[in-house]
$ cat input.csv   # CSV, C-alpha atoms and all ligand atoms
chain,number,residue,atom,x,y,z
U,1,MET,CA,69.9,96.8,29.7
U,2,THR,CA,72.9,97.8,27.6
U,3,THR,CA,75.8,95.4,27.3
U,4,TYR,CA,77.7,97.7,29.8
U,5,ALA,CA,75.0,98.1,32.4
U,6,LYS,CA,75.9,94.8,34.2
U,7,ILE,CA,79.3,96.3,35.0
U,8,SER,CA,77.4,98.8,37.2
U,9,VAL,CA,77.2,96.2,40.0
U,10,THR,CA,80.9,96.8,40.6
U,11,ALA,CA,80.3,100.4,41.5
U,12,LYS,CA,78.8,99.4,44.9
U,13,LEU,CA,81.7,97.1,45.6
U,14,ALA,CA,84.1,100.0,45.2
U,15,ALA,CA,81.8,102.0,47.5
U,16,TYR,CA,82.0,99.3,50.1
U,17,MET,CA,85.7,99.1,49.9
U,18,ARG,CA,86.1,102.9,50.4
U,19,ARG,CA,84.0,103.1,53.5
U,20,PHE,CA,87.0,102.2,55.8
U,21,SER,CA,88.9,105.2,54.5
U,22,ASP,CA,88.6,109.0,55.2
U,23,ILE,CA,87.5,109.7,51.7
U,24,PRO,CA,84.8,112.4,51.8
U,25,PHE,CA,81.3,110.9,51.9
U,26,ALA,CA,82.5,107.3,51.6
U,27,GLU,CA,80.8,106.1,54.7
U,28,ASP,CA,77.5,107.8,53.8
U,29,VAL,CA,77.6,106.4,50.3
U,30,ALA,CA,78.1,102.8,51.5
U,31,GLU,CA,75.3,103.3,54.0
U,32,VAL,CA,72.7,105.0,51.8
U,33,LEU,CA,73.3,102.6,48.9
U,34,GLN,CA,73.4,99.5,51.2
U,35,ALA,CA,76.7,98.6,49.6
U,36,ARG,CA,77.4,95.8,52.1
U,37,GLU,CA,74.1,94.1,51.1
U,38,ALA,CA,75.0,94.4,47.5
U,39,PHE,CA,78.4,92.8,48.2
U,40,ASP,CA,76.7,90.0,50.2
U,41,ALA,CA,74.3,89.3,47.3
U,42,LEU,CA,77.1,89.2,44.8
U,43,LEU,CA,79.1,86.7,46.9
U,44,ALA,CA,76.1,84.6,48.0
U,45,GLY,CA,76.9,80.9,47.6
U,46,SER,CA,80.5,81.5,46.5
U,47,GLY,CA,82.1,80.6,49.9
U,48,LEU,CA,83.6,84.1,50.0
U,49,GLN,CA,82.5,86.8,52.4
U,50,PRO,CA,83.1,90.6,52.0
U,51,ASP,CA,85.5,90.4,54.9
U,52,ASP,CA,87.7,88.0,53.0
U,53,LEU,CA,88.3,90.7,50.5
U,54,LEU,CA,88.9,93.7,52.7
U,55,TRP,CA,92.6,93.7,51.9
U,56,TYR,CA,91.4,95.4,48.7
U,57,ALA,CA,90.2,98.4,50.7
U,58,PRO,CA,93.5,100.3,50.8
U,59,ILE,CA,94.0,99.6,47.1
U,60,PHE,CA,90.7,101.3,46.3
U,61,GLU,CA,91.6,104.1,48.8
U,62,VAL,CA,95.0,104.8,47.3
U,63,ARG,CA,93.7,104.7,43.7
U,64,TYR,CA,91.0,107.3,44.6
U,65,LYS,CA,93.4,109.5,46.5
U,66,SER,CA,96.1,109.4,43.9
U,67,ILE,CA,93.7,110.6,41.3
U,68,ALA,CA,92.5,113.4,43.5
U,69,ALA,CA,96.1,114.5,44.2
U,70,ALA,CA,97.0,114.4,40.5
U,71,ILE,CA,94.0,116.5,39.6
U,72,ARG,CA,95.0,119.1,42.2
U,73,ALA,CA,98.6,119.0,41.0
U,74,SER,CA,97.5,119.6,37.4
U,75,ARG,CA,95.8,122.8,38.6
U,76,VAL,CA,93.0,122.1,36.1
U,77,ARG,CA,89.7,123.5,37.2
U,78,GLN,CA,87.4,121.6,34.8
U,79,VAL,CA,87.2,117.9,35.2
U,80,VAL,CA,85.1,115.3,33.4
U,81,GLU,CA,85.1,111.9,35.0
U,82,MET,CA,83.9,108.9,33.0
U,83,ALA,CA,82.4,105.8,34.6
U,84,SER,CA,82.4,107.5,38.0
U,85,GLY,CA,79.9,105.0,39.5
U,86,VAL,CA,78.9,106.1,43.0
U,87,SER,CA,82.3,107.6,43.8
U,88,LEU,CA,81.9,111.3,44.8
U,89,ARG,CA,85.3,112.9,44.1
U,90,GLY,CA,83.4,115.3,42.1
U,91,LEU,CA,81.0,116.4,44.9
U,92,ALA,CA,84.0,116.7,47.2
U,93,MET,CA,86.1,118.8,44.8
U,94,ALA,CA,83.2,121.0,43.8
U,95,GLN,CA,83.1,122.3,47.4
U,96,ASP,CA,85.7,124.6,45.9
U,97,PRO,CA,83.5,127.1,43.8
U,98,ALA,CA,86.4,127.6,41.3
U,99,MET,CA,86.1,123.9,40.3
U,100,SER,CA,83.7,122.6,37.7
U,101,TYR,CA,83.3,118.8,37.9
U,102,VAL,CA,81.2,116.6,35.6
U,103,GLU,CA,80.7,113.1,36.7
U,104,THR,CA,79.4,110.7,34.1
U,105,ASP,CA,78.3,107.1,34.0
U,106,LEU,CA,75.6,105.0,32.3
U,107,ALA,CA,72.0,106.3,32.7
U,108,GLU,CA,70.7,103.9,35.4
U,109,ILE,CA,73.5,104.5,37.9
U,110,THR,CA,73.5,108.2,37.1
U,111,ALA,CA,69.8,108.4,38.0
U,112,GLU,CA,70.6,106.6,41.3
U,113,LYS,CA,73.5,109.0,42.0
U,114,VAL,CA,71.2,112.0,41.6
U,115,GLY,CA,69.2,110.8,44.5
U,116,LEU,CA,72.4,109.9,46.5
U,117,VAL,CA,73.8,113.4,46.0
U,118,ALA,CA,70.6,115.1,47.0
U,119,GLU,CA,70.6,113.0,50.2
U,120,LEU,CA,74.3,113.9,50.9
U,121,ARG,CA,73.6,117.6,50.3
U,122,ARG,CA,70.7,117.4,52.8
U,123,ARG,CA,72.7,115.5,55.4
U,124,HIS,CA,75.7,117.7,55.3
U,125,THR,CA,74.0,121.0,54.3
U,126,LEU,CA,76.3,121.4,51.4
U,127,PRO,CA,76.3,124.6,49.5
U,128,ASP,CA,75.4,124.2,45.8
U,129,TYR,CA,77.7,126.4,43.6
U,130,GLU,CA,76.1,124.7,40.5
U,131,ASN,CA,79.6,123.4,39.6
U,132,HIS,CA,78.9,119.7,40.1
U,133,HIS,CA,77.1,118.0,37.3
U,134,LEU,CA,75.8,114.4,37.0
U,135,VAL,CA,75.4,113.4,33.3
U,136,ALA,CA,74.6,110.1,31.8
U,137,ALA,CA,77.2,109.3,29.2
U,138,ASN,CA,78.5,106.1,27.6
U,139,ALA,CA,82.3,106.5,27.5
U,140,LEU,CA,82.4,104.7,24.2
U,141,ASP,CA,80.1,107.3,22.6
U,142,PRO,CA,81.9,110.6,21.6
U,143,ALA,CA,78.6,112.4,21.2
U,144,ASP,CA,77.6,111.6,24.8
U,145,LEU,CA,81.0,112.9,26.1
U,146,HIS,CA,80.7,116.0,24.0
U,147,VAL,CA,77.3,116.8,25.5
U,148,ALA,CA,78.7,116.1,29.0
U,149,VAL,CA,81.3,118.8,28.7
U,150,HIS,CA,79.1,121.5,27.1
U,151,SER,CA,79.3,123.7,30.1
U,152,PHE,CA,83.1,123.8,30.1
U,153,ARG,CA,84.9,127.1,29.3
U,154,ARG,CA,87.2,127.0,26.2
U,155,ASN,CA,89.1,130.3,26.6
U,156,LEU,CA,91.3,129.4,29.6
U,157,PRO,CA,95.0,130.1,29.1
U,158,PHE,CA,96.5,126.7,30.0
U,159,ARG,CA,95.4,123.1,30.4
U,160,GLN,CA,91.7,123.5,30.3
U,161,ILE,CA,90.3,120.1,31.3
U,162,ALA,CA,91.2,116.9,33.0
U,163,VAL,CA,89.6,113.7,31.9
U,164,VAL,CA,89.5,111.0,34.5
U,165,ASN,CA,88.5,107.3,34.8
U,166,GLU,CA,89.2,104.6,37.3
U,167,GLY,CA,88.0,101.0,37.4
U,168,LEU,CA,86.5,101.0,33.9
U,169,PHE,CA,89.1,99.5,31.5
U,170,GLN,CA,89.3,96.3,33.6
U,171,TYR,CA,85.9,95.3,32.1
U,172,LEU,CA,86.4,96.4,28.5
U,173,SER,CA,87.8,94.6,25.4
U,174,ALA,CA,91.0,95.9,23.8
U,175,GLY,CA,88.9,97.5,21.0
U,176,GLU,CA,86.5,99.2,23.5
U,177,MET,CA,89.5,100.5,25.5
U,178,GLU,CA,90.9,102.0,22.3
U,179,THR,CA,87.6,103.7,21.5
U,180,VAL,CA,87.5,105.3,24.9
U,181,ALA,CA,91.1,106.4,24.5
U,182,ARG,CA,90.3,108.0,21.1
U,183,ASN,CA,87.3,109.8,22.7
U,184,VAL,CA,89.5,111.1,25.5
U,185,ARG,CA,92.1,112.3,23.0
U,186,ALA,CA,89.4,114.1,21.0
U,187,LEU,CA,88.3,116.0,24.1
U,188,LEU,CA,91.9,116.9,25.0
U,189,VAL,CA,92.6,118.1,21.5
U,190,GLU,CA,89.5,120.3,21.6
U,191,PHE,CA,90.1,121.8,25.1
U,192,GLY,CA,93.7,121.1,25.9
U,193,GLY,CA,94.5,119.3,29.1
U,194,VAL,CA,95.4,115.9,30.6
U,195,TRP,CA,94.0,112.4,30.9
U,196,ILE,CA,94.5,111.0,34.4
U,197,THR,CA,93.9,107.2,34.7
U,198,PRO,CA,95.1,104.2,36.7
U,199,ASP,CA,93.3,101.8,34.3
U,200,PHE,CA,96.0,100.3,32.1
U,201,SER,CA,97.1,96.8,33.1
U,202,ILE,CA,100.1,94.7,32.3
U,203,LYS,CA,99.7,90.9,32.0
U,204,ALA,CA,102.4,90.0,34.6
U,205,ASP,CA,100.6,92.1,37.2
U,206,VAL,CA,97.2,90.8,36.4
U,207,ARG,CA,98.4,87.2,36.5
U,208,ASN,CA,100.3,87.5,39.8
U,209,VAL,CA,97.3,86.9,42.1
U,210,SER,CA,96.2,84.5,44.8
U,211,GLU,CA,93.6,81.7,44.3
U,212,ARG,CA,91.1,83.8,46.4
U,213,GLN,CA,91.6,86.8,44.0
U,214,GLN,CA,91.0,84.5,41.1
U,215,ARG,CA,87.8,83.2,42.6
U,216,PHE,CA,86.6,86.8,43.2
U,217,ARG,CA,87.4,87.8,39.7
U,218,ALA,CA,85.4,84.8,38.4
U,219,ILE,CA,82.4,85.9,40.5
U,220,VAL,CA,82.7,89.5,39.1
U,221,ALA,CA,83.1,88.2,35.6
U,222,THR,CA,79.9,86.2,35.9
U,223,ALA,CA,78.0,89.1,37.4
U,224,THR,CA,79.2,91.5,34.7
U,225,ASP,CA,79.2,89.1,31.8
U,226,ARG,CA,82.7,90.3,31.1
U,227,PRO,CA,86.1,88.7,31.5
U,228,MET,CA,88.3,90.9,33.7
U,229,TYR,CA,91.6,92.3,32.4
U,230,ASN,CA,91.0,91.0,28.9
U,231,ASN,CA,92.8,94.0,27.5
U,232,ALA,CA,96.0,93.8,29.6
U,233,PHE,CA,99.1,94.6,27.7
U,234,ASP,CA,102.0,92.1,27.2
U,235,ASN,CA,104.4,94.6,28.7
U,236,ASP,CA,105.2,98.3,29.2
U,237,ALA,CA,106.6,98.6,25.7
U,238,GLN,CA,103.3,97.4,24.1
U,239,LEU,CA,101.4,99.9,26.2
U,240,ASP,CA,103.8,102.7,25.2
U,241,ALA,CA,103.3,101.7,21.5
U,242,PHE,CA,99.5,101.7,22.0
U,243,LEU,CA,99.6,105.2,23.4
U,244,ALA,CA,102.0,106.4,20.7
U,245,ARG,CA,99.8,105.0,18.0
U,246,LEU,CA,96.9,107.0,19.5
U,247,GLY,CA,98.9,110.2,19.7
U,248,LEU,CA,99.2,110.3,23.4
U,249,ARG,CA,102.2,110.6,25.6
U,250,GLY,CA,103.0,111.6,29.2
U,251,HIS,CA,104.3,109.9,32.3
U,252,VAL,CA,103.5,107.3,34.8
U,253,VAL,CA,103.7,107.7,38.6
U,254,SER,CA,103.1,105.3,41.4
U,255,GLN,CA,99.8,105.7,43.1
U,256,LEU,CA,101.6,104.9,46.4
U,257,ASP,CA,103.9,107.9,46.0
U,258,THR,CA,101.1,110.2,44.8
U,259,ALA,CA,98.3,109.4,47.3
U,260,ALA,CA,98.0,110.6,50.9
U,261,GLU,CA,98.4,107.9,53.6
U,262,SER,CA,95.9,105.0,53.6
U,263,VAL,CA,93.6,105.2,56.5
U,264,SER,CA,91.9,101.9,55.9
U,265,ILE,CA,95.1,100.0,56.3
U,266,GLY,CA,95.1,101.0,60.0
U,267,ALA,CA,91.3,100.8,60.4
U,268,LEU,CA,91.3,97.2,59.2
U,269,GLN,CA,94.6,96.3,60.9
U,270,LEU,CA,96.2,95.2,57.7
U,271,PRO,CA,99.9,94.8,57.4
U,272,ARG,CA,101.6,98.0,56.1
U,273,GLU,CA,103.6,96.0,53.5
U,274,SER,CA,100.5,94.7,51.8
U,275,LEU,CA,100.2,97.9,49.7
U,276,GLU,CA,103.9,97.8,48.9
U,277,ARG,CA,103.5,94.2,47.6
U,278,SER,CA,101.1,95.6,45.0
U,279,ARG,CA,103.3,98.5,44.0
U,280,SER,CA,104.1,97.4,40.5
U,281,ALA,CA,100.3,97.3,39.7
U,282,LEU,CA,99.4,100.6,41.3
U,283,ASN,CA,100.3,103.1,38.6
U,284,LEU,CA,98.7,106.3,37.4
U,285,TRP,CA,99.1,107.6,33.9
U,286,ILE,CA,99.0,111.4,33.2
U,287,LEU,CA,98.7,111.8,29.4
U,288,SER,CA,98.2,114.5,26.8
U,289,PRO,CA,97.9,114.5,23.0
U,290,VAL,CA,101.3,114.5,21.4
U,291,ASN,CA,100.9,117.8,19.6
U,292,ALA,CA,99.3,119.6,22.6
U,293,LEU,CA,102.1,119.0,25.1
K,301,LIG,C1,84.2,99.3,39.0
K,301,LIG,S1,83.0,100.6,38.7
K,301,LIG,C2,84.0,102.0,39.0
K,301,LIG,C3,83.2,103.1,39.4
K,301,LIG,C4,84.0,104.3,40.0
K,301,LIG,N1,84.9,104.8,39.0
K,301,LIG,C5,84.7,103.9,41.2
K,301,LIG,O1,86.0,103.9,41.2
K,301,LIG,O2,84.1,103.7,42.2
K,301,LIG,C6,82.8,100.6,36.9
K,301,LIG,C7,81.9,101.6,36.4
K,301,LIG,O3,81.9,101.6,35.0
K,301,LIG,C8,80.7,102.0,34.5
K,301,LIG,N2,80.6,101.7,33.1
K,301,LIG,C9,80.7,100.5,32.5
K,301,LIG,N3,80.6,100.6,31.2
K,301,LIG,C10,80.5,101.9,30.9
K,301,LIG,C11,80.5,102.7,29.7
K,301,LIG,N4,80.5,102.1,28.5
K,301,LIG,N5,80.4,104.1,29.8
K,301,LIG,C12,80.3,104.7,31.0
K,301,LIG,N6,80.4,104.0,32.2
K,301,LIG,C13,80.5,102.6,32.1
K,301,LIG,C14,79.7,101.2,35.4
K,301,LIG,O4,78.4,101.6,35.4
K,301,LIG,C15,80.4,101.3,36.8
K,301,LIG,O5,79.9,102.4,37.5
$ encode --input "input.csv" --output "structure tokens"
Amino acid sequence: MTTYAKISVTAKLAAYMRRFSDIPFAEDVAEVLQAREAFDALLAGSGLQPDDLLWYAPIFEVRYKSIAAAIRASRVRQVVEMASGVSLRGLAMAQDPAMSYVETDLAEITAEKVGLVAELRRRHTLPDYENHHLVAANALDPADLHVAVHSFRRNLPFRQIAVVNEGLFQYLSAGEMETVARNVRALLVEFGGVWITPDFSIKADVRNVSERQQRFRAIVATATDRPMYNNAFDNDAQLDAFLARLGLRGHVVSQLDTAAESVSIGALQLPRESLERSRSALNLWILSPVNAL
């Protein structure tokens, strides 16, 4: 098992959270992968139940939807997603034959996803335009990422690719995050395009959490062998300096203003203002290499 493989347990938690939404395939994914059972196993003996954490569901939904909306708004037709877990934005977007979507993650979870996608194709009789690819790639390894995008076209007139990741940086050290950011920049320099990610954190947002959230984070940290949010920035200025040092710039938007309505908030009868309370932490960065803007 690689040092990163333990993080894979979190992919099924995200799948469970999204099942209350209208995200394509979310309910199937949770059922086929027995995401509830995985969640139960993770929380066993902790005194927490999955239902105690369902207020996270709209947060996962909005994050997913804001990224999908940003990809559509970018008008990019070639997307490579890192650490995509068992999320199926790629399969959903590849229902448009003009899109080419490469989903990557570590080898073990990618192998599981191959079976999952085959099952979903069968259940929903999905056409296969050969534009949805599942490739094992460590986001820290530039060679892996390079292989992942080998099918992408290079001669498009404008913004050739989008690189996407969600829910990865929370588990990385500052050094690892920088390595991934450099790898993304290299891809964007080669192809042209944008990096769409909600994954940067600011310490004030990360610390502003309830006791229950702290307990949940401790459980996840034990399961993944990784402290969460260890790479959070002191403030926005420090994040801006980090991006500038790496030769990246762009803009930040609120996930709440970018995503479509949250369906899970109604399905779970959660207070509408619960998402608003998290607004400052729900951002989406849309970045490009400085010289390629
Ligand atoms: C919280 S899950 C998020 C999955 C997915 N993006 C989502 O939102 O449902 C974190 C994912 O990061 C993956 N991961 C961890 N380290 C990685 C690495 N070095 N390279 C690629 N993927 C990695 C895990 O396997 C896991 O699928």
$ residues_near_ligand --input "input.csv" --ligand "ligand LIG 301 (chain K)" --cutoff "9 Å" --atoms "only C-alpha atoms and all ligand atoms" --output "JSON, numbers by chain"
{"U": [2, 3, 4, 5, 6, 7, 8, 9, 10, 11, 12, 13, 14, 15, 18, 60, 63, 64, 81, 82, 83, 84, 85, 86, 87, 88, 104, 105, 106, 107, 108, 109, 110, 136, 137, 138, 139, 140, 141, 164, 165, 166, 167, 168, 169, 170, 171, 172, 176, 180]}
$ atom_distance --input "input.csv" --atom1 "atom CA of Glu178 of chain U" --atom2 "atom CA of Val290 of chain U"
16.3 Å
$ closest_residue --input "input.csv" --among "U:Asn131, U:Asn283, U:Gln49, U:Ser66" --to "Asp199 of chain U" --atoms "only C-alpha atoms"
U:Asn283
$ residues_around --input "input.csv" --residues "Ser288 of chain U" --least-positions-apart "3" --cutoff "8 Å" --atoms "only C-alpha atoms" --output "number ranges by chain"
U: 185, 188, 193-195, 248-250, 292-293
$ closest_residue --input "input.csv" --among "U:Asp225, U:Asp205, U:Asp40, U:Glu103" --to "Val135 of chain U" --atoms "only C-alpha atoms"
U:Glu103
$ residues_near_point --input "input.csv" --point "(76.3, 91.9, 50.5)" --cutoff "12 Å" --atoms "all atoms listed in the file" --output "number ranges by chain"
U: 9-10, 12-13, 15-17, 30-31, 33-46, 48-51
$ closest_residue --input "input.csv" --among "U:Ala174, U:Gly266, U:Ala237, U:His133" --to "Ser21 of chain U" --atoms "all atoms listed in the file"
U:Gly266
$ closest_residue --input "input.csv" --among "U:Val220, U:Met177, U:Leu256, U:Val29" --to "Ala232 of chain U" --atoms "all atoms listed in the file"
U:Met177
$ atom_distance --input "input.csv" --atom1 "atom CA of Ala259 of chain U" --atom2 "atom CA of Glu61 of chain U"
8.7 Å
$ closest_residue --input "input.csv" --among "U:His150, U:Lys65, U:His124, U:Lys113" --to "Val80 of chain U" --atoms "all atoms listed in the file"
U:His150
$ closest_residue --input "input.csv" --among "U:Val263, U:Ala69, U:Leu243, U:Leu91" --to "Phe25 of chain U" --atoms "all atoms listed in the file"
U:Leu91
$ atom_distance --input "input.csv" --atom1 "atom CA of Gly247 of chain U" --atom2 "atom CA of Asn291 of chain U"
7.9 Å
$ residues_near_point --input "input.csv" --point "(75.4, 108.8, 48.8)" --cutoff "6 Å" --atoms "all atoms listed in the file" --output "list in words"
Asp28, Val29, Val32, Leu116, Val117 and Leu120 of chain U
$ write_last_selection --input "input.csv" --atoms "C-alpha atoms" --output "mmCIF file, in the coordinates of the input"
data_model
loop_
_atom_site.group_PDB
_atom_site.id
_atom_site.type_symbol
_atom_site.label_atom_id
_atom_site.label_comp_id
_atom_site.auth_asym_id
_atom_site.auth_seq_id
_atom_site.Cartn_x
_atom_site.Cartn_y
_atom_site.Cartn_z
ATOM 1 C CA ASP U 28 77.500 107.800 53.800
ATOM 2 C CA VAL U 29 77.600 106.400 50.300
ATOM 3 C CA VAL U 32 72.700 105.000 51.800
ATOM 4 C CA LEU U 116 72.400 109.900 46.500
ATOM 5 C CA VAL U 117 73.800 113.400 46.000
ATOM 6 C CA LEU U 120 74.300 113.900 50.900
#
$ build_atoms --input "input.csv" --residues "segment 256-266 of chain U" --atoms "all heavy atoms" --output "mmCIF file, in the coordinates of the input"
data_model
loop_
_atom_site.group_PDB
_atom_site.id
_atom_site.type_symbol
_atom_site.label_atom_id
_atom_site.label_comp_id
_atom_site.auth_asym_id
_atom_site.auth_seq_id
_atom_site.Cartn_x
_atom_site.Cartn_y
_atom_site.Cartn_z
ATOM 1 N N LEU U 256 101.110 104.911 44.985
ATOM 2 C CA LEU U 256 101.600 104.900 46.400
ATOM 3 C C LEU U 256 102.336 106.190 46.713
ATOM 4 O O LEU U 256 102.283 106.695 47.837
ATOM 5 C CB LEU U 256 102.423 103.700 46.682
ATOM 6 C CG LEU U 256 101.730 102.359 46.535
ATOM 7 C CD1 LEU U 256 102.683 101.223 46.891
ATOM 8 C CD2 LEU U 256 100.506 102.300 47.426
ATOM 9 N N ASP U 257 103.064 106.700 45.721
ATOM 10 C CA ASP U 257 103.900 107.900 46.000
ATOM 11 C C ASP U 257 103.032 109.175 45.774
ATOM 12 O O ASP U 257 103.472 110.265 46.136
ATOM 13 C CB ASP U 257 105.062 107.947 45.002
ATOM 14 C CG ASP U 257 105.976 106.755 45.213
ATOM 15 O OD1 ASP U 257 105.937 106.174 46.317
ATOM 16 O OD2 ASP U 257 106.694 106.376 44.259
ATOM 17 N N THR U 258 101.871 109.040 45.169
ATOM 18 C CA THR U 258 101.100 110.200 44.800
ATOM 19 C C THR U 258 99.939 110.428 45.854
ATOM 20 O O THR U 258 99.567 111.561 46.149
ATOM 21 C CB THR U 258 100.425 110.019 43.423
ATOM 22 O OG1 THR U 258 101.458 109.607 42.534
ATOM 23 C CG2 THR U 258 99.795 111.288 42.910
ATOM 24 N N ALA U 259 99.411 109.326 46.392
ATOM 25 C CA ALA U 259 98.300 109.400 47.300
ATOM 26 C C ALA U 259 98.723 109.823 48.703
ATOM 27 O O ALA U 259 99.876 109.592 49.080
ATOM 28 C CB ALA U 259 97.543 108.092 47.380
ATOM 29 N N ALA U 260 97.784 110.379 49.469
ATOM 30 C CA ALA U 260 98.000 110.600 50.900
ATOM 31 C C ALA U 260 98.011 109.202 51.570
ATOM 32 O O ALA U 260 97.671 108.202 50.951
ATOM 33 C CB ALA U 260 96.938 111.471 51.468
ATOM 34 N N GLU U 261 98.369 109.150 52.817
ATOM 35 C CA GLU U 261 98.400 107.900 53.600
ATOM 36 C C GLU U 261 97.073 107.128 53.474
ATOM 37 O O GLU U 261 96.001 107.726 53.401
ATOM 38 C CB GLU U 261 98.578 108.237 55.065
ATOM 39 C CG GLU U 261 100.009 108.339 55.506
ATOM 40 C CD GLU U 261 100.720 106.998 55.466
ATOM 41 O OE1 GLU U 261 100.461 106.159 56.340
ATOM 42 O OE2 GLU U 261 101.540 106.806 54.551
ATOM 43 N N SER U 262 97.162 105.822 53.509
ATOM 44 C CA SER U 262 95.900 105.000 53.600
ATOM 45 C C SER U 262 95.458 104.922 55.013
ATOM 46 O O SER U 262 96.211 104.539 55.906
ATOM 47 C CB SER U 262 96.235 103.591 53.060
ATOM 48 O OG SER U 262 95.199 102.725 53.470
ATOM 49 N N VAL U 263 94.213 105.299 55.199
ATOM 50 C CA VAL U 263 93.600 105.200 56.500
ATOM 51 C C VAL U 263 93.019 103.826 56.757
ATOM 52 O O VAL U 263 93.058 103.279 57.855
ATOM 53 C CB VAL U 263 92.485 106.302 56.625
ATOM 54 C CG1 VAL U 263 91.588 106.061 57.820
ATOM 55 C CG2 VAL U 263 93.126 107.690 56.695
ATOM 56 N N SER U 264 92.522 103.207 55.683
ATOM 57 C CA SER U 264 91.900 101.900 55.900
ATOM 58 C C SER U 264 92.844 100.824 56.292
ATOM 59 O O SER U 264 92.464 99.866 56.943
ATOM 60 C CB SER U 264 91.096 101.494 54.600
ATOM 61 O OG SER U 264 91.864 101.639 53.453
ATOM 62 N N ILE U 265 94.102 100.989 55.944
ATOM 63 C CA ILE U 265 95.100 100.000 56.300
ATOM 64 C C ILE U 265 95.136 99.867 57.866
ATOM 65 O O ILE U 265 95.164 98.771 58.426
ATOM 66 C CB ILE U 265 96.452 100.274 55.702
ATOM 67 C CG1 ILE U 265 96.996 99.003 55.123
ATOM 68 C CG2 ILE U 265 97.458 100.866 56.648
ATOM 69 C CD1 ILE U 265 98.205 99.125 54.298
ATOM 70 N N GLY U 266 95.095 101.029 58.533
ATOM 71 C CA GLY U 266 95.100 101.000 60.000
ATOM 72 C C GLY U 266 93.720 100.591 60.532
ATOM 73 O O GLY U 266 93.632 99.777 61.448
#
